[in-house]
Amino acid sequence: MAHGHLPDLVLGGCSAWPLPADETCAGVARAHLRAALTAAKASDELVEDVTLAASELVTNGLRHGIGGTSACAAAPGGRVLELWAYHRVTPESQFVFKVFDPKPRWTRPVRTDGAWAENGRGIAVVDALSAGWGWQRTRSRLGPLPVPGKATWFCVPSARMCAQPHHPRPLPWEAAVVLRRLLLARGLDGTRCHHGSDRSVVTMRGLTVWSEPPGVFRWRVRPGTRDAYACRPFADLHDVADEVVSHHEHSLVPGGDAR
């Protein structure tokens, strides 16, 4: 289930599907996910939960990320709508699903008398069916040029379906090279790699990521605190790349634009 650019069979792949920017998008997304999850031997219940939650996010992306503003629709790449899926092992074994649209900001649903308003019920469904959800500024994966926007995501447990890979763990310099390649594909053109005797670093605007033994990526997230560094295994390559792209996009906003 690998589509889009730079599928990497050694470190694990990320599926990325383009979606039509019209009312058929939710049905197309459901079909892609149903086929992928069935191939992964997911339970019927999980397939139904994931396809329903993804359908809600895709519909939100169409209505509010593309159709919500004429400026967004008229901009280059403004009709971009994508569905992503990958597996991560941290904080636990999970499938992560993301819907990209070209509107960079998230509008929080409004509550009325303790209930979700009409335009917020889709997010309530996602919240009920998933182990967690959120959003982040990011860039598209498909197409000739990366498009800035946001990804709204949710995750579900996958411990019973995803066994640990049996391939050899990559060396730190190999993991760093692949991470840099993924970031360049997302338009982070100033990304560089520097290799030492036992570790490597990937540098870009405002962030340095260390690739080091025993097979982890590490970067600073909250300077001056006990949890100043994020630490993720090489197996979470695509999640790490998304976090780095998100950090880059948020850093471009005056004042840091808290998520």
# chains A, B, ... in the order shown; residues from 1 in each chain; ligands from 1
>>> residues_around(residues="A:Gly206", least_positions_apart="5", cutoff="12 Å", atoms="only C-alpha atoms", output="ChimeraX atom specification")
/A:188,190-191,219-221,244-245,247-252,256
>>> residues_around(residues="stretch 148-158 of chain A", least_positions_apart="2", cutoff="6 Å", atoms="only C-alpha atoms", output="JSON, numbers by chain")
{"A": [93, 94, 95, 96, 97, 98, 99, 100, 101, 102, 103, 104, 130, 131, 132, 133, 134, 135, 136, 137, 138, 139, 160, 161]}
>>> closest_residue(among="A:Val216, A:Val47, A:Leu19, A:Leu145", to="A:Leu179", atoms="only C-alpha atoms")
A:Val216
>>> residues_around(residues="A:Val201", least_positions_apart="6", cutoff="6 Å", atoms="only C-alpha atoms", output="PDB file with N, CA, C and O atoms, in the first residue's frame")
ATOM      1  N   CYS A 193      22.657  17.315   5.855  1.00  0.00           N
ATOM      2  CA  CYS A 193      23.097  16.177   6.671  1.00  0.00           C
ATOM      3  C   CYS A 193      24.565  16.339   7.025  1.00  0.00           C
ATOM      4  O   CYS A 193      25.366  16.748   6.183  1.00  0.00           O
ATOM      5  N   HIS A 194      24.903  16.004   8.269  1.00  0.00           N
ATOM      6  CA  HIS A 194      26.295  16.002   8.710  1.00  0.00           C
ATOM      7  C   HIS A 194      26.519  14.705   9.482  1.00  0.00           C
ATOM      8  O   HIS A 194      25.733  14.351  10.364  1.00  0.00           O
ATOM      9  N   VAL A 209      17.952  17.717  14.120  1.00  0.00           N
ATOM     10  CA  VAL A 209      17.518  16.377  14.505  1.00  0.00           C
ATOM     11  C   VAL A 209      18.743  15.477  14.541  1.00  0.00           C
ATOM     12  O   VAL A 209      19.458  15.352  13.539  1.00  0.00           O
ATOM     13  N   TRP A 210      18.995  14.850  15.698  1.00  0.00           N
ATOM     14  CA  TRP A 210      20.096  13.907  15.825  1.00  0.00           C
ATOM     15  C   TRP A 210      19.604  12.515  15.477  1.00  0.00           C
ATOM     16  O   TRP A 210      18.515  12.096  15.887  1.00  0.00           O
ATOM     17  N   SER A 211      20.412  11.769  14.740  1.00  0.00           N
ATOM     18  CA  SER A 211      20.167  10.366  14.433  1.00  0.00           C
ATOM     19  C   SER A 211      21.286   9.585  15.101  1.00  0.00           C
ATOM     20  O   SER A 211      22.457   9.735  14.722  1.00  0.00           O
TER      21      SER A 211
END
>>> closest_residue(among="A:Ser43, A:Thr203, A:Thr59, A:Ser140", to="A:Asp22", atoms="only C-alpha atoms")
A:Thr59
>>> closest_residue(among="A:Arg105, A:Arg141, A:Arg63, A:Arg218", to="A:Ala176", atoms="only C-alpha atoms")
A:Arg218
>>> closest_residue(among="A:Arg79, A:Leu182, A:Ser55, A:Thr90", to="A:Ala230", atoms="only C-alpha atoms")
A:Thr90
>>> select_by_dssp(residues="stretch 37-222 of chain A", states="helix (DSSP H, G or I)", output="number ranges by chain")
A: 37-39, 44-66, 70-74, 118-129, 172-185
>>> residues_around(residues="A:Trp173", least_positions_apart="6", cutoff="8 Å", atoms="only C-alpha atoms", output="list in words")
His195, Arg199, Ser200 and Ser211 of chain A
>>> atom_distance(atom1="atom CA of A:Glu92", atom2="atom CA of A:Val178")
22.9 Å
>>> closest_residue(among="A:Leu142, A:Val147, A:Val125, A:Leu62", to="A:Pro18", atoms="only C-alpha atoms")
A:Leu142
>>> select_by_dssp(residues="stretch 176-251 of chain A", states="strand (DSSP E or B)", output="list of chain:residue names")
A:Arg192, A:Cys193, A:His194, A:His195, A:Ser200, A:Val201, A:Val202, A:Thr203, A:Met204, A:Leu207, A:Thr208, A:Val209, A:Trp210, A:Ser211, A:Glu212, A:Val216, A:Phe217, A:Arg218, A:Trp219, A:Arg220, A:Tyr229, A:Ala230, A:Cys231, A:Arg232, A:Pro233
>>> atom_distance(atom1="atom CA of A:Trp84", atom2="atom CA of A:Pro146")
14.5 Å
>>> closest_residue(among="A:Leu81, A:Ala26, A:Ile66, A:Ala53", to="A:Arg121", atoms="only C-alpha atoms")
A:Ala53
>>> atom_distance(atom1="atom CA of A:Phe217", atom2="atom CA of A:Leu237")
8.5 Å
>>> residues_around(residues="A:Leu33", least_positions_apart="3", cutoff="9 Å", atoms="only C-alpha atoms", output="list in words")
Val28, Ala29, Arg30, Ala36, Leu37, Thr38, Val47, Val50, Thr51, Ala54 and Ala85 of chain A
>>> write_last_selection(atoms="all heavy atoms", output="JSON list (two decimals), in the first residue's frame")
[["chain", "number", "residue", "atom", "x", "y", "z"],
["A", 28, "VAL", "N", -14.36, 8.00, -2.14],
["A", 28, "VAL", "CA", -13.05, 7.55, -2.63],
["A", 28, "VAL", "C", -12.13, 7.22, -1.46],
["A", 28, "VAL", "O", -11.43, 6.20, -1.46],
["A", 28, "VAL", "CB", -12.42, 8.62, -3.54],
["A", 28, "VAL", "CG1", -10.99, 8.24, -3.91],
["A", 28, "VAL", "CG2", -13.25, 8.80, -4.80],
["A", 29, "ALA", "N", -12.13, 8.07, -0.43],
["A", 29, "ALA", "CA", -11.30, 7.83, 0.75],
["A", 29, "ALA", "C", -11.70, 6.53, 1.44],
["A", 29, "ALA", "O", -10.85, 5.72, 1.84],
["A", 29, "ALA", "CB", -11.40, 9.00, 1.72],
["A", 30, "ARG", "N", -13.00, 6.31, 1.59],
["A", 30, "ARG", "CA", -13.47, 5.07, 2.24],
["A", 30, "ARG", "C", -13.02, 3.84, 1.45],
["A", 30, "ARG", "O", -12.59, 2.84, 2.04],
["A", 30, "ARG", "CB", -15.00, 5.09, 2.36],
["A", 30, "ARG", "CG", -15.52, 6.05, 3.41],
["A", 30, "ARG", "CD", -16.98, 5.78, 3.73],
["A", 30, "ARG", "NE", -17.84, 5.96, 2.57],
["A", 30, "ARG", "CZ", -18.42, 7.10, 2.24],
["A", 30, "ARG", "NH1", -18.22, 8.19, 2.98],
["A", 30, "ARG", "NH2", -19.21, 7.19, 1.18],
["A", 36, "ALA", "N", -7.07, -1.10, 2.01],
["A", 36, "ALA", "CA", -5.79, -1.18, 2.74],
["A", 36, "ALA", "C", -5.96, -1.94, 4.05],
["A", 36, "ALA", "O", -5.14, -2.80, 4.40],
["A", 36, "ALA", "CB", -5.26, 0.22, 3.00],
["A", 37, "LEU", "N", -7.01, -1.64, 4.81],
["A", 37, "LEU", "CA", -7.21, -2.29, 6.10],
["A", 37, "LEU", "C", -7.62, -3.75, 5.95],
["A", 37, "LEU", "O", -7.26, -4.59, 6.77],
["A", 37, "LEU", "CB", -8.26, -1.52, 6.91],
["A", 37, "LEU", "CG", -7.80, -0.15, 7.40],
["A", 37, "LEU", "CD1", -8.99, 0.64, 7.97],
["A", 37, "LEU", "CD2", -6.70, -0.28, 8.45],
["A", 38, "THR", "N", -8.37, -4.05, 4.91],
["A", 38, "THR", "CA", -8.72, -5.45, 4.66],
["A", 38, "THR", "C", -7.46, -6.26, 4.35],
["A", 38, "THR", "O", -7.29, -7.39, 4.83],
["A", 38, "THR", "CB", -9.71, -5.55, 3.49],
["A", 38, "THR", "OG1", -10.91, -4.84, 3.84],
["A", 38, "THR", "CG2", -10.07, -7.00, 3.21],
["A", 47, "VAL", "N", -12.44, -1.50, 10.59],
["A", 47, "VAL", "CA", -12.59, -0.95, 9.24],
["A", 47, "VAL", "C", -13.73, 0.05, 9.22],
["A", 47, "VAL", "O", -13.61, 1.15, 8.65],
["A", 47, "VAL", "CB", -12.83, -2.08, 8.22],
["A", 47, "VAL", "CG1", -13.19, -1.48, 6.85],
["A", 47, "VAL", "CG2", -11.59, -2.96, 8.09],
["A", 50, "VAL", "N", -12.71, 3.31, 11.18],
["A", 50, "VAL", "CA", -11.71, 4.13, 10.49],
["A", 50, "VAL", "C", -12.32, 4.80, 9.26],
["A", 50, "VAL", "O", -12.11, 6.00, 9.02],
["A", 50, "VAL", "CB", -10.49, 3.27, 10.09],
["A", 50, "VAL", "CG1", -9.60, 4.02, 9.10],
["A", 50, "VAL", "CG2", -9.70, 2.89, 11.33],
["A", 51, "THR", "N", -13.08, 4.05, 8.48],
["A", 51, "THR", "CA", -13.65, 4.64, 7.27],
["A", 51, "THR", "C", -14.66, 5.73, 7.60],
["A", 51, "THR", "O", -14.72, 6.75, 6.90],
["A", 51, "THR", "CB", -14.30, 3.56, 6.38],
["A", 51, "THR", "OG1", -15.25, 2.80, 7.15],
["A", 51, "THR", "CG2", -13.25, 2.63, 5.81],
["A", 54, "ALA", "N", -12.53, 8.80, 8.93],
["A", 54, "ALA", "CA", -11.82, 9.43, 7.81],
["A", 54, "ALA", "C", -12.79, 10.17, 6.91],
["A", 54, "ALA", "O", -12.49, 11.26, 6.41],
["A", 54, "ALA", "CB", -11.05, 8.38, 7.02],
["A", 85, "ALA", "N", -1.79, 7.57, 5.29],
["A", 85, "ALA", "CA", -1.89, 6.53, 6.32],
["A", 85, "ALA", "C", -0.52, 5.91, 6.54],
["A", 85, "ALA", "O", 0.22, 5.65, 5.59],
["A", 85, "ALA", "CB", -2.88, 5.46, 5.89]]
